[in-house]
file work-v8.cif (mmCIF, C-alpha atoms)
data_data
loop_
_atom_site.label_atom_id
_atom_site.label_comp_id
_atom_site.auth_asym_id
_atom_site.auth_seq_id
_atom_site.Cartn_x
_atom_site.Cartn_y
_atom_site.Cartn_z
CA MET P 1 -24.40 -5.34 -12.84
CA LEU P 2 -21.80 -2.60 -12.83
CA PRO P 3 -21.69 0.13 -15.50
CA ARG P 4 -18.69 1.13 -17.58
CA PHE P 5 -16.75 3.94 -15.88
CA THR P 6 -14.88 6.97 -17.18
CA GLU P 7 -12.53 9.35 -15.36
CA VAL P 8 -14.17 12.62 -14.35
CA SER P 9 -11.78 14.32 -11.91
CA ARG P 10 -8.57 14.16 -9.88
CA ARG P 11 -7.38 15.54 -6.57
CA ARG P 12 -3.92 15.78 -5.00
CA PRO P 13 -4.07 16.89 -1.37
CA VAL P 14 -0.55 17.93 -0.35
CA ASP P 15 0.18 19.30 3.12
CA LEU P 16 3.63 19.22 4.62
CA VAL P 17 2.09 20.19 7.96
CA VAL P 18 -1.45 19.15 8.90
CA PRO P 19 -3.35 22.48 9.00
CA GLY P 20 -4.02 23.63 12.54
CA SER P 21 -1.81 20.97 14.16
CA THR P 22 1.06 21.58 16.59
CA ILE P 23 4.29 19.82 17.50
CA ASP P 24 2.73 18.95 20.86
CA GLU P 25 0.31 16.67 18.96
CA VAL P 26 3.08 14.47 17.55
CA ILE P 27 2.68 10.94 18.98
CA ALA P 28 4.55 9.05 16.24
CA PRO P 29 7.61 9.98 14.15
CA TYR P 30 5.62 12.06 11.65
CA ALA P 31 6.38 15.74 12.24
CA ALA P 32 7.01 18.72 9.98
CA LEU P 33 8.26 22.31 10.08
CA ALA P 34 8.09 25.06 7.47
CA GLY P 35 9.56 28.55 7.42
CA PRO P 36 11.76 31.04 5.57
CA GLY P 37 15.16 29.75 6.73
CA SER P 38 16.92 26.95 8.59
CA LEU P 39 14.69 24.74 10.74
CA ALA P 40 15.35 22.35 13.62
CA LEU P 41 13.63 19.49 15.42
CA GLU P 42 15.07 18.60 18.82
CA SER P 43 14.61 15.84 21.38
CA GLY P 44 16.97 15.98 24.32
CA SER P 45 20.47 16.30 22.87
CA ASP P 46 19.39 15.01 19.46
CA ARG P 47 18.99 17.71 16.83
CA LEU P 48 17.72 17.45 13.23
CA VAL P 49 18.28 20.55 11.08
CA ALA P 50 17.41 21.64 7.55
CA ARG P 51 20.00 24.19 6.44
CA TYR P 52 19.66 26.67 3.58
CA ASP P 53 22.48 29.15 2.84
CA GLY P 54 20.81 30.86 -0.13
CA SER P 55 22.36 28.45 -2.59
CA ARG P 56 22.30 24.91 -1.21
CA VAL P 57 20.10 22.84 1.07
CA TRP P 58 21.28 20.05 3.36
CA VAL P 59 20.41 18.12 6.51
CA GLU P 60 22.48 18.18 9.69
CA VAL P 61 22.07 15.43 12.30
CA THR P 62 23.49 15.81 15.81
CA THR P 63 23.34 12.85 18.18
CA GLY P 64 25.75 11.45 20.74
CA GLY P 65 27.85 14.63 20.49
CA ARG P 66 28.55 14.05 16.77
CA THR P 67 27.20 16.19 13.92
CA THR P 68 27.04 14.97 10.33
CA ARG P 69 26.03 16.77 7.14
CA HIS P 70 23.97 15.14 4.41
CA ARG P 71 23.56 16.82 1.04
CA SER P 72 22.69 15.84 -2.50
CA ARG P 73 25.22 16.97 -5.10
CA ARG P 74 22.65 16.70 -7.88
CA HIS P 75 19.53 17.99 -6.16
CA GLY P 76 20.70 20.16 -3.26
CA ARG P 77 20.69 23.42 -5.24
CA PRO P 78 17.13 24.71 -5.79
CA GLY P 79 18.09 26.73 -8.90
CA ALA P 80 15.06 28.99 -8.37
CA PRO P 81 13.82 31.40 -5.69
CA VAL P 82 12.91 29.57 -2.48
CA ASP P 83 9.64 30.67 -0.93
CA GLU P 84 9.92 28.40 2.08
CA VAL P 85 12.08 25.64 3.57
CA GLY P 86 10.59 22.46 5.01
CA LEU P 87 11.87 19.81 7.40
CA VAL P 88 9.97 16.55 7.87
CA LEU P 89 10.46 13.50 10.04
CA THR P 90 8.66 10.48 8.59
CA GLY P 91 9.41 7.18 10.28
CA THR P 92 13.19 6.96 10.54
CA HIS P 93 13.81 9.43 7.73
CA VAL P 94 14.45 13.17 7.95
CA THR P 95 14.09 15.23 4.77
CA ALA P 96 14.80 18.85 3.83
CA LEU P 97 12.58 20.40 1.16
CA THR P 98 12.07 23.74 -0.56
CA ARG P 99 8.86 25.29 -1.86
CA HIS P 100 8.56 27.31 -5.06
CA ASP P 101 5.35 28.32 -6.84
CA GLY P 102 3.33 26.27 -4.39
CA SER P 103 5.19 22.97 -4.90
CA TRP P 104 7.55 21.19 -2.50
CA VAL P 105 10.74 19.53 -3.74
CA ALA P 106 12.94 17.32 -1.55
CA ARG P 107 16.58 18.39 -1.53
CA ALA P 108 18.24 16.04 0.97
CA ARG P 109 17.24 13.01 3.02
CA VAL P 110 18.91 10.73 5.56
CA ASP P 111 17.84 7.52 7.30
CA LEU P 112 18.31 7.73 11.08
CA GLN P 113 17.57 4.12 11.99
CA HIS P 114 21.13 3.34 13.09
CA ARG P 115 21.53 6.59 15.04
CA ILE P 116 18.20 7.49 16.71
CA ASP P 117 15.21 5.38 17.71
CA THR P 118 12.65 7.84 16.37
CA ARG P 119 9.77 5.47 17.21
CA ASP P 120 10.59 5.53 20.92
CA GLU P 121 7.66 7.17 22.70
CA THR P 122 9.86 8.83 25.33
CA TRP P 123 11.96 10.41 22.57
CA LEU P 124 8.79 11.58 20.85
CA ASP P 125 7.41 13.11 24.05
CA ARG P 126 10.45 15.41 24.16
CA LEU P 127 10.26 16.40 20.49
CA ALA P 128 10.18 20.16 19.94
CA GLY P 129 10.49 22.48 16.98
CA ASP P 130 10.26 26.24 16.64
CA ALA P 131 9.10 27.44 13.22
CA PRO P 132 6.37 29.67 11.76
CA THR P 133 4.50 26.47 10.83
CA ALA P 134 5.02 23.34 12.91
CA GLY P 135 2.93 20.24 13.56
CA ARG P 136 2.10 16.75 12.39
CA PHE P 137 3.28 15.68 8.96
CA GLY P 138 0.42 15.55 6.44
CA GLN P 139 0.93 13.89 3.07
CA LEU P 140 2.52 14.26 -0.36
CA GLY P 141 -0.09 12.01 -1.99
CA LEU P 142 -2.66 9.34 -1.22
CA ARG P 143 -2.91 5.65 -2.10
CA ASP P 144 -4.55 2.46 -0.77
CA ILE P 145 -7.90 4.22 -0.62
CA ARG P 146 -10.67 2.22 1.03
CA VAL P 147 -14.22 2.94 2.19
CA ALA P 148 -14.64 2.84 5.97
CA SER P 149 -17.63 0.65 6.66
CA HIS P 150 -20.07 -0.71 9.17
CA ALA P 151 -19.50 -4.36 10.04
CA ASP P 152 -22.19 -5.36 7.50
CA GLY P 153 -20.18 -3.74 4.71
CA THR P 154 -22.28 -0.60 4.20
CA PRO P 155 -20.25 2.62 3.95
CA TYR P 156 -19.79 4.69 7.10
CA ARG P 157 -20.99 8.22 6.47
CA ILE P 158 -20.91 11.61 8.13
CA GLY P 159 -24.15 13.04 6.80
CA GLU P 160 -23.87 12.61 3.03
CA ARG P 161 -20.08 12.33 3.10
CA VAL P 162 -18.38 8.95 2.92
CA VAL P 163 -15.49 8.20 5.27
CA LEU P 164 -12.35 6.79 3.63
CA THR P 165 -9.02 5.53 4.89
CA ALA P 166 -5.89 6.15 2.87
CA THR P 167 -2.15 5.77 3.02
CA SER P 168 -0.62 9.24 3.38
CA ALA P 169 2.56 9.09 1.33
CA GLY P 170 5.76 10.54 2.71
CA PRO P 171 8.97 11.55 0.91
CA GLY P 172 10.12 8.00 0.30
CA PHE P 173 9.18 4.34 0.32
CA PHE P 174 6.65 2.49 2.52
CA ASP P 175 8.40 3.36 5.78
CA THR P 176 7.72 7.09 5.33
CA ALA P 177 3.93 6.69 5.01
CA HIS P 178 1.10 6.35 7.52
CA THR P 179 -2.68 5.84 7.79
CA SER P 180 -5.06 8.79 7.50
CA VAL P 181 -8.85 9.18 7.58
CA TRP P 182 -10.79 11.37 5.14
CA ALA P 183 -14.34 12.49 4.36
CA LEU P 184 -15.39 12.49 0.71
CA ASP P 185 -18.21 14.62 -0.64
CA PRO P 186 -19.42 12.35 -3.49
CA THR P 187 -21.16 15.22 -5.28
CA ARG P 188 -18.42 17.84 -5.24
CA LEU P 189 -15.60 15.26 -5.16
CA GLU P 190 -13.88 17.12 -2.35
CA LEU P 191 -11.77 15.49 0.35
CA GLU P 192 -11.38 16.65 3.96
CA HIS P 193 -8.59 15.31 6.14
CA LEU P 194 -10.16 14.15 9.41
CA SER P 195 -7.44 12.35 11.37
CA ASP P 196 -4.25 10.31 11.45
CA VAL P 197 -3.92 6.86 13.00
CA PHE P 198 -0.68 5.25 14.20
CA PHE P 199 -0.03 1.88 15.78
CA ARG P 200 1.83 0.05 18.51
CA ARG P 201 2.96 -3.44 17.54
CA PRO P 202 2.29 -6.50 19.71
CA ASP P 203 5.88 -7.70 19.26
CA ALA P 204 7.95 -4.50 19.36
CA PRO P 205 7.96 -1.21 21.28
CA GLY P 206 7.38 2.16 19.65
CA ALA P 207 4.95 4.03 17.42
CA TYR P 208 4.62 2.92 13.79
CA GLY P 209 3.11 4.40 10.65
CA ASP P 210 1.52 1.15 9.48
CA HIS P 211 -0.91 1.49 6.59
CA ALA P 212 -3.11 -0.14 3.93
CA THR P 213 -5.95 -0.06 6.44
CA HIS P 214 -9.64 -0.93 6.75
CA LEU P 215 -11.70 0.98 9.33
CA VAL P 216 -14.84 -0.86 10.53
CA ARG P 217 -17.60 0.42 12.81
CA ASP P 218 -18.89 -2.49 14.91
CA GLY P 219 -21.52 -1.32 17.39
CA ASP P 220 -19.94 1.28 19.66
CA ARG P 221 -16.37 0.40 18.75
CA TRP P 222 -13.99 0.72 15.85
CA LEU P 223 -12.09 -2.23 14.43
CA VAL P 224 -8.91 -1.15 12.65
CA ALA P 225 -7.23 -3.77 10.48
CA THR P 226 -3.92 -2.69 9.00
CA SER P 227 -0.76 -3.94 7.29
CA THR P 228 2.62 -3.62 8.98
CA TRP P 229 4.31 -1.74 6.16
CA GLY P 230 5.62 0.92 8.58
CA ASP P 231 9.15 -0.50 8.80
CA PHE P 232 9.26 -2.69 5.72
CA ASP P 233 12.71 -3.44 4.37
CA ARG P 234 12.90 -6.21 1.82
CA SER P 235 16.63 -6.63 2.35
CA ARG P 236 16.27 -7.31 6.08
CA PRO P 237 16.62 -11.00 7.02
CA GLY P 238 13.18 -12.47 7.66
CA ALA P 239 11.42 -9.47 6.12
CA SER P 240 7.66 -9.83 6.22
CA VAL P 241 4.36 -7.97 6.48
CA ALA P 242 1.55 -8.98 8.85
CA VAL P 243 -2.01 -7.83 9.49
CA THR P 244 -2.82 -6.40 12.90
CA LEU P 245 -6.13 -5.52 14.53
CA ALA P 246 -6.96 -2.69 16.93
CA GLU P 247 -10.21 -2.21 18.84
CA THR P 248 -11.15 1.16 20.31
CA THR P 249 -14.10 3.33 21.33
CA ALA P 250 -12.09 6.52 20.70
CA ASP P 251 -13.30 9.05 18.13
CA LEU P 252 -11.07 8.10 15.21
CA LEU P 253 -12.66 10.73 12.99
CA THR P 254 -10.80 13.63 14.63
CA GLY P 255 -7.25 14.38 15.74
CA ARG P 256 -4.54 11.77 15.98
CA HIS P 257 -4.45 8.36 17.63
CA LEU P 258 -1.90 5.74 18.67
CA LEU P 259 -3.60 2.36 18.92
CA ASP P 260 -2.56 -0.87 20.58
CA THR P 261 -2.84 -3.84 18.23
CA ARG P 262 -2.77 -7.61 18.19
CA VAL P 263 -2.03 -9.96 15.32
CA LEU P 264 -5.08 -10.82 13.23
CA PRO P 265 -4.56 -14.59 12.80
CA LEU P 266 -5.04 -15.15 9.09
CA PRO P 267 -4.96 -18.78 7.90
CA THR P 268 -1.90 -18.99 5.68
CA GLU P 269 -0.57 -22.46 6.51
CA GLU P 270 -1.68 -23.82 3.14
CA LEU P 271 -0.33 -20.81 1.25
CA ARG P 272 3.37 -20.92 2.18
CA SER P 273 2.97 -17.21 2.77
CA VAL P 274 5.82 -14.96 3.91
CA ALA P 275 3.61 -11.87 4.10
CA VAL P 276 -0.03 -10.75 4.15
CA TRP P 277 -1.56 -7.31 3.63
CA ASP P 278 -4.61 -5.28 2.42
CA PRO P 279 -7.17 -6.63 4.94
CA HIS P 280 -10.90 -6.10 4.34
CA LEU P 281 -13.49 -7.23 6.90
CA VAL P 282 -17.23 -7.89 6.60
CA ARG P 283 -19.60 -9.65 9.00
CA THR P 284 -22.39 -11.59 7.29
CA ASP P 285 -25.25 -13.70 8.67
CA ASP P 286 -22.85 -16.67 8.50
CA GLY P 287 -19.94 -14.99 10.28
CA TRP P 288 -16.90 -12.97 9.23
CA LEU P 289 -15.38 -12.75 5.79
CA VAL P 290 -11.82 -11.41 5.59
CA GLY P 291 -10.21 -10.62 2.26
CA PHE P 292 -6.45 -10.19 2.18
CA VAL P 293 -3.37 -10.53 0.01
CA SER P 294 -0.95 -13.40 0.46
CA SER P 295 2.64 -13.32 -0.77
CA PRO P 296 4.67 -16.52 -1.12
CA GLY P 297 7.72 -14.36 -1.93
CA PHE P 298 8.40 -10.71 -2.76
CA TRP P 299 7.14 -9.66 -5.28
CA ASN P 300 4.62 -12.38 -5.96
CA PHE P 301 1.17 -11.83 -4.43
CA HIS P 302 -2.44 -12.79 -4.90
CA PRO P 303 -5.88 -12.47 -3.23
CA ALA P 304 -7.12 -14.84 -0.55
CA LEU P 305 -10.34 -15.10 1.42
CA ALA P 306 -10.90 -16.38 4.96
CA SER P 307 -14.12 -16.97 6.87
CA GLY P 308 -15.15 -17.96 10.36
CA PRO P 309 -17.51 -17.40 13.28
CA SER P 310 -15.12 -14.85 14.81
CA LEU P 311 -12.00 -12.97 13.82
CA ASP P 312 -10.00 -15.30 16.05
CA ALA P 313 -11.32 -18.45 14.38
CA LEU P 314 -10.75 -17.96 10.68
CA ALA P 315 -10.22 -20.70 8.12
CA LEU P 316 -9.01 -20.35 4.55
CA ARG P 317 -12.00 -20.32 2.23
CA ALA P 318 -10.40 -19.66 -1.14
CA THR P 319 -7.31 -18.42 -2.89
CA THR P 320 -6.20 -17.82 -6.46
CA THR P 321 -3.53 -19.76 -8.33
CA ASP P 322 -3.21 -17.70 -11.49
CA ARG P 323 -2.34 -14.29 -9.99
CA THR P 324 1.18 -13.04 -9.27
CA ALA P 325 0.69 -9.25 -8.93
CA THR P 326 -2.87 -8.74 -7.69
CA GLU P 327 -3.82 -6.82 -4.54
CA GLY P 328 -6.41 -4.42 -3.08
CA THR P 329 -8.71 -7.32 -2.10
CA THR P 330 -12.16 -5.80 -1.40
CA LEU P 331 -15.51 -7.36 -0.45
CA LEU P 332 -18.59 -5.76 -2.00
CA ARG P 333 -22.30 -6.57 -2.12
CA LEU P 334 -23.42 -6.69 -5.76
CA ASP P 335 -26.89 -7.79 -6.91
CA ASP P 336 -27.56 -9.30 -3.45
CA GLU P 337 -24.42 -11.43 -3.65
CA TRP P 338 -21.03 -10.95 -2.01
CA ARG P 339 -18.24 -10.44 -4.48
CA VAL P 340 -14.49 -9.97 -4.14
CA LEU P 341 -12.86 -7.19 -6.17
CA ALA P 342 -9.14 -6.77 -6.73
CA SER P 343 -6.58 -5.09 -8.97
CA ASP P 344 -4.33 -6.90 -11.48
CA GLY P 345 -1.09 -4.92 -11.74
CA ARG P 346 1.04 -4.34 -14.80
CA ASP P 347 3.47 -7.07 -13.65
CA SER P 348 0.77 -9.73 -13.83
CA ARG P 349 0.70 -12.37 -16.55
CA ARG P 350 -0.05 -10.87 -19.95
CA ARG P 351 -3.76 -11.71 -20.12
CA LEU P 352 -4.34 -10.47 -16.55
CA ARG P 353 -2.64 -7.08 -16.67
CA ARG P 354 -4.14 -3.67 -15.83
CA ARG P 355 -7.67 -4.74 -14.94
CA TYR P 356 -10.10 -4.98 -12.02
CA PRO P 357 -11.28 -8.60 -11.68
CA VAL P 358 -14.50 -9.54 -9.89
CA PHE P 359 -14.62 -12.93 -8.10
CA ASP P 360 -17.24 -14.97 -6.29
CA LEU P 361 -16.54 -16.20 -2.75
CA ASP P 362 -14.65 -19.17 -4.15
CA LEU P 363 -12.40 -16.67 -5.93
CA ARG P 364 -13.56 -17.75 -9.36
CA GLU P 365 -13.52 -14.78 -11.71
CA THR P 366 -17.03 -13.76 -12.77
CA GLY P 367 -16.21 -10.55 -14.63
CA THR P 368 -14.34 -7.27 -14.42
CA VAL P 369 -15.00 -3.67 -13.51
CA ALA P 370 -14.91 -1.83 -16.84
CA ALA P 371 -12.92 1.26 -15.90
CA PRO P 372 -9.72 3.08 -16.80
CA TYR P 373 -6.67 1.59 -15.10
CA PRO P 374 -4.22 4.28 -13.90
CA THR P 375 -0.55 3.64 -13.18
CA ASN P 376 0.63 1.64 -10.15
CA ILE P 377 -1.92 -0.89 -8.74
CA PRO P 378 -5.08 1.17 -8.02
CA TRP P 379 -7.67 -0.43 -5.79
CA PRO P 380 -11.25 -0.65 -7.14
CA THR P 381 -12.97 1.32 -4.37
CA LEU P 382 -16.66 1.56 -5.25
CA VAL P 383 -18.88 4.03 -3.37
CA PRO P 384 -22.69 3.75 -3.66
CA ASP P 385 -23.92 7.06 -5.06
CA GLY P 386 -27.71 7.20 -5.15
CA ASP P 387 -28.80 4.51 -7.59
CA SER P 388 -25.35 4.49 -9.20
CA TRP P 389 -21.67 4.20 -8.25
CA LEU P 390 -18.60 6.37 -7.81
CA LEU P 391 -15.24 4.65 -8.30
CA VAL P 392 -12.36 6.10 -6.28
CA ALA P 393 -8.89 4.97 -7.33
CA PHE P 394 -5.35 6.33 -7.21
CA ASP P 395 -2.28 6.26 -9.42
CA GLY P 396 1.51 6.30 -9.27
CA THR P 397 2.10 10.00 -10.02
CA PRO P 398 5.18 11.00 -7.97
CA TYR P 399 5.70 14.22 -6.05
CA GLY P 400 8.64 16.05 -4.56
CA GLY P 401 11.38 15.59 -7.15
CA ARG P 402 13.93 12.78 -7.49
CA VAL P 403 15.30 12.54 -3.95
CA PRO P 404 12.27 10.67 -2.50
CA GLY P 405 12.34 7.96 -5.18
CA TYR P 406 9.43 5.52 -5.31
CA GLY P 407 6.57 5.93 -2.84
CA THR P 408 5.18 9.47 -3.03
CA HIS P 409 2.19 8.46 -5.18
CA GLY P 410 -0.44 9.37 -5.95
CA ASP P 411 -3.31 11.35 -7.38
CA VAL P 412 -6.83 10.46 -6.25
CA VAL P 413 -8.72 9.47 -9.40
CA PHE P 414 -12.53 9.72 -9.54
CA MET P 415 -14.61 7.81 -12.09
CA ARG P 416 -18.33 7.84 -12.82
CA PRO P 417 -20.47 5.70 -15.14
CA GLU P 418 -20.24 6.63 -18.78
CA PRO P 419 -23.34 8.39 -20.09
CA ARG P 420 -25.66 6.04 -21.90
CA THR P 421 -26.06 6.70 -25.60
CA THR P 422 -29.22 6.24 -27.58
CA VAL P 423 -29.58 5.63 -31.27
#

call {"tool": "encode", "arguments": {"input": "work-v8.cif", "output": "structure tokens"}}
result
Amino acid sequence: MLPRFTEVSRRRPVDLVVPGSTIDEVIAPYAALAGPGSLALESGSDRLVARYDGSRVWVEVTTGGRTTRHRSRRHGRPGAPVDEVGLVLTGTHVTALTRHDGSWVARARVDLQHRIDTRDETWLDRLAGDAPTAGRFGQLGLRDIRVASHADGTPYRIGERVVLTATSAGPGFFDTAHTSVWALDPTRLELEHLSDVFFRRPDAPGAYGDHATHLVRDGDRWLVATSTWGDFDRSRPGASVAVTLAETTADLLTGRHLLDTRVLPLPTEELRSVAVWDPHLVRTDDGWLVGFVSSPGFWNFHPALASGPSLDALALRATTTDRTATEGTTLLRLDDEWRVLASDGRDSRRRLRRRYPVFDLDLRETGTVAAPYPTNIPWPTLVPDGDSWLLVAFDGTPYGGRVPGYGTHGDVVFMRPEPRTTV
């Protein structure tokens, strides 16, 4: 039986450059520079520059002997003293930002996908940048927060701290984000950035910032199940999202990693699914349970549950028929029974909006998590905390001004059980 929760705190870790990192550590197209003036990233003859002339900010791109300028008429003038200029490469996007009073605001952005293959590992090996601060890109916000777990579903801890995975938001939509790993102190509600994880695809070359990830410790190895959001473009013919699986004995709790993956074969034949995401894996006495989201068409999505003796022999166990905007599928042991938690978004049917449903393994709703529902579609991430629970969610609060548009969310929202009252 879960208690009723109330919000107790929020955090917003923002780092343009991962503290202590260097450009030499960049193994995927997620790099950042910061300094008092113009900044440049270079790879061979390709050059990406953030320009600031004291009045306006713009991006210059040089490739193939041609230089182009990209500026925003509405947002390219800071209108206030600039403490620092930033240049970030996130996926195929390069963005110029300015910092004032501790906050970064994007001033110009350009998509390079038709000019430079920024995911090419040879191109990345040659990447260089000279600035007072230079290294791996960090994050503008966090979303898709999930507890890293042992294969039996118990949280993976470093001492008393709980390890989490999150999507580190970039200055734009899904294709500017990537997966990161964090340690949460459940008492002080403080987050420490441990590492960043990137992925190679089984069907395409390059390094991708795929995200919406579950990290599982299985014996002496890590299983990393993730969603291929790293190059998502709904307008592209045949657009889809898949779930991939990586296996590694590397220390994923430090540094940065680029993992080889294979497709996790989820049983979607009966679902007419064009995309799957939000994987969550648990091994029980009867075999594996895998929760995921199935989408018969963007944007229409609902939870599904697969089971099987191995991750390569999964069969569809259950799905929902009354959900159209529900994601964050999460398996949790409650009162000695496995339950499936999810998040009903604001675009769901009227009676199912803005709530955290709880299902049995046949995906029949058995109740809800009584907790505040922030903006966006926050996942119901429950962390055992002594003989109680801590709920870790996120919201849709943007960051970085208007240039990035949707995708920079969000705040990390912490909730604890409401105090019991006596009469």

call {"tool": "residues_around", "arguments": {"input": "work-v8.cif", "residues": "His257 of chain P", "least_positions_apart": "5", "cutoff": "12 Å", "atoms": "only C-alpha atoms", "output": "NGL selection string"}}
result
:P and (25-28 or 136 or 178-181 or 194-200 or 207-209 or 224 or 246 or 248-252)

call {"tool": "write_last_selection", "arguments": {"input": "work-v8.cif", "atoms": "C-alpha atoms", "output": "PDB file, keeping the file's coordinate frame"}}
result
ATOM      1  CA  GLU P  25       0.310  16.670  18.960  1.00  0.00           C
ATOM      2  CA  VAL P  26       3.080  14.470  17.550  1.00  0.00           C
ATOM      3  CA  ILE P  27       2.680  10.940  18.980  1.00  0.00           C
ATOM      4  CA  ALA P  28       4.550   9.050  16.240  1.00  0.00           C
ATOM      5  CA  ARG P 136       2.100  16.750  12.390  1.00  0.00           C
ATOM      6  CA  HIS P 178       1.100   6.350   7.520  1.00  0.00           C
ATOM      7  CA  THR P 179      -2.680   5.840   7.790  1.00  0.00           C
ATOM      8  CA  SER P 180      -5.060   8.790   7.500  1.00  0.00           C
ATOM      9  CA  VAL P 181      -8.850   9.180   7.580  1.00  0.00           C
ATOM     10  CA  LEU P 194     -10.160  14.150   9.410  1.00  0.00           C
ATOM     11  CA  SER P 195      -7.440  12.350  11.370  1.00  0.00           C
ATOM     12  CA  ASP P 196      -4.250  10.310  11.450  1.00  0.00           C
ATOM     13  CA  VAL P 197      -3.920   6.860  13.000  1.00  0.00           C
ATOM     14  CA  PHE P 198      -0.680   5.250  14.200  1.00  0.00           C
ATOM     15  CA  PHE P 199      -0.030   1.880  15.780  1.00  0.00           C
ATOM     16  CA  ARG P 200       1.830   0.050  18.510  1.00  0.00           C
ATOM     17  CA  ALA P 207       4.950   4.030  17.420  1.00  0.00           C
ATOM     18  CA  TYR P 208       4.620   2.920  13.790  1.00  0.00           C
ATOM     19  CA  GLY P 209       3.110   4.400  10.650  1.00  0.00           C
ATOM     20  CA  VAL P 224      -8.910  -1.150  12.650  1.00  0.00           C
ATOM     21  CA  ALA P 246      -6.960  -2.690  16.930  1.00  0.00           C
ATOM     22  CA  THR P 248     -11.150   1.160  20.310  1.00  0.00           C
ATOM     23  CA  THR P 249     -14.100   3.330  21.330  1.00  0.00           C
ATOM     24  CA  ALA P 250     -12.090   6.520  20.700  1.00  0.00           C
ATOM     25  CA  ASP P 251     -13.300   9.050  18.130  1.00  0.00           C
ATOM     26  CA  LEU P 252     -11.070   8.100  15.210  1.00  0.00           C
TER      27      LEU P 252
END

call {"tool": "atom_distance", "arguments": {"input": "work-v8.cif", "atom1": "atom CA of Ala306 of chain P", "atom2": "atom CA of Val290 of chain P"}}
result
5.1 Å

call {"tool": "residues_around", "arguments": {"input": "work-v8.cif", "residues": "Leu184 of chain P", "least_positions_apart": "2", "cutoff": "9 Å", "atoms": "only C-alpha atoms", "output": "list in words"}}
result
Glu160, Arg161, Val162, Val163, Leu164, Trp182, Pro186, Thr187, Arg188, Leu189, Glu190, Leu191 and Glu192 of chain P

call {"tool": "resolve_selection", "arguments": {"input": "work-v8.cif", "expression": "the PyMOL selection byres ((chain P and resi 7) around 6)", "output": "PDB file with C-alpha atoms, in the frame of the given file"}}
result
ATOM      1  CA  THR P   6     -14.880   6.970 -17.180  1.00  0.00           C
ATOM      2  CA  VAL P   8     -14.170  12.620 -14.350  1.00  0.00           C
ATOM      3  CA  PHE P 414     -12.530   9.720  -9.540  1.00  0.00           C
ATOM      4  CA  MET P 415     -14.610   7.810 -12.090  1.00  0.00           C
TER       5      MET P 415
END

call {"tool": "resolve_selection", "arguments": {"input": "work-v8.cif", "expression": "the PyMOL selection byres ((chain P and resi 109) around 8)", "output": "list in words"}}
result
Val59, His70, Arg71, His93, Val94, Thr95, Ala96, Ala106, Arg107, Ala108, Val110, Asp111, Val403 and Pro404 of chain P
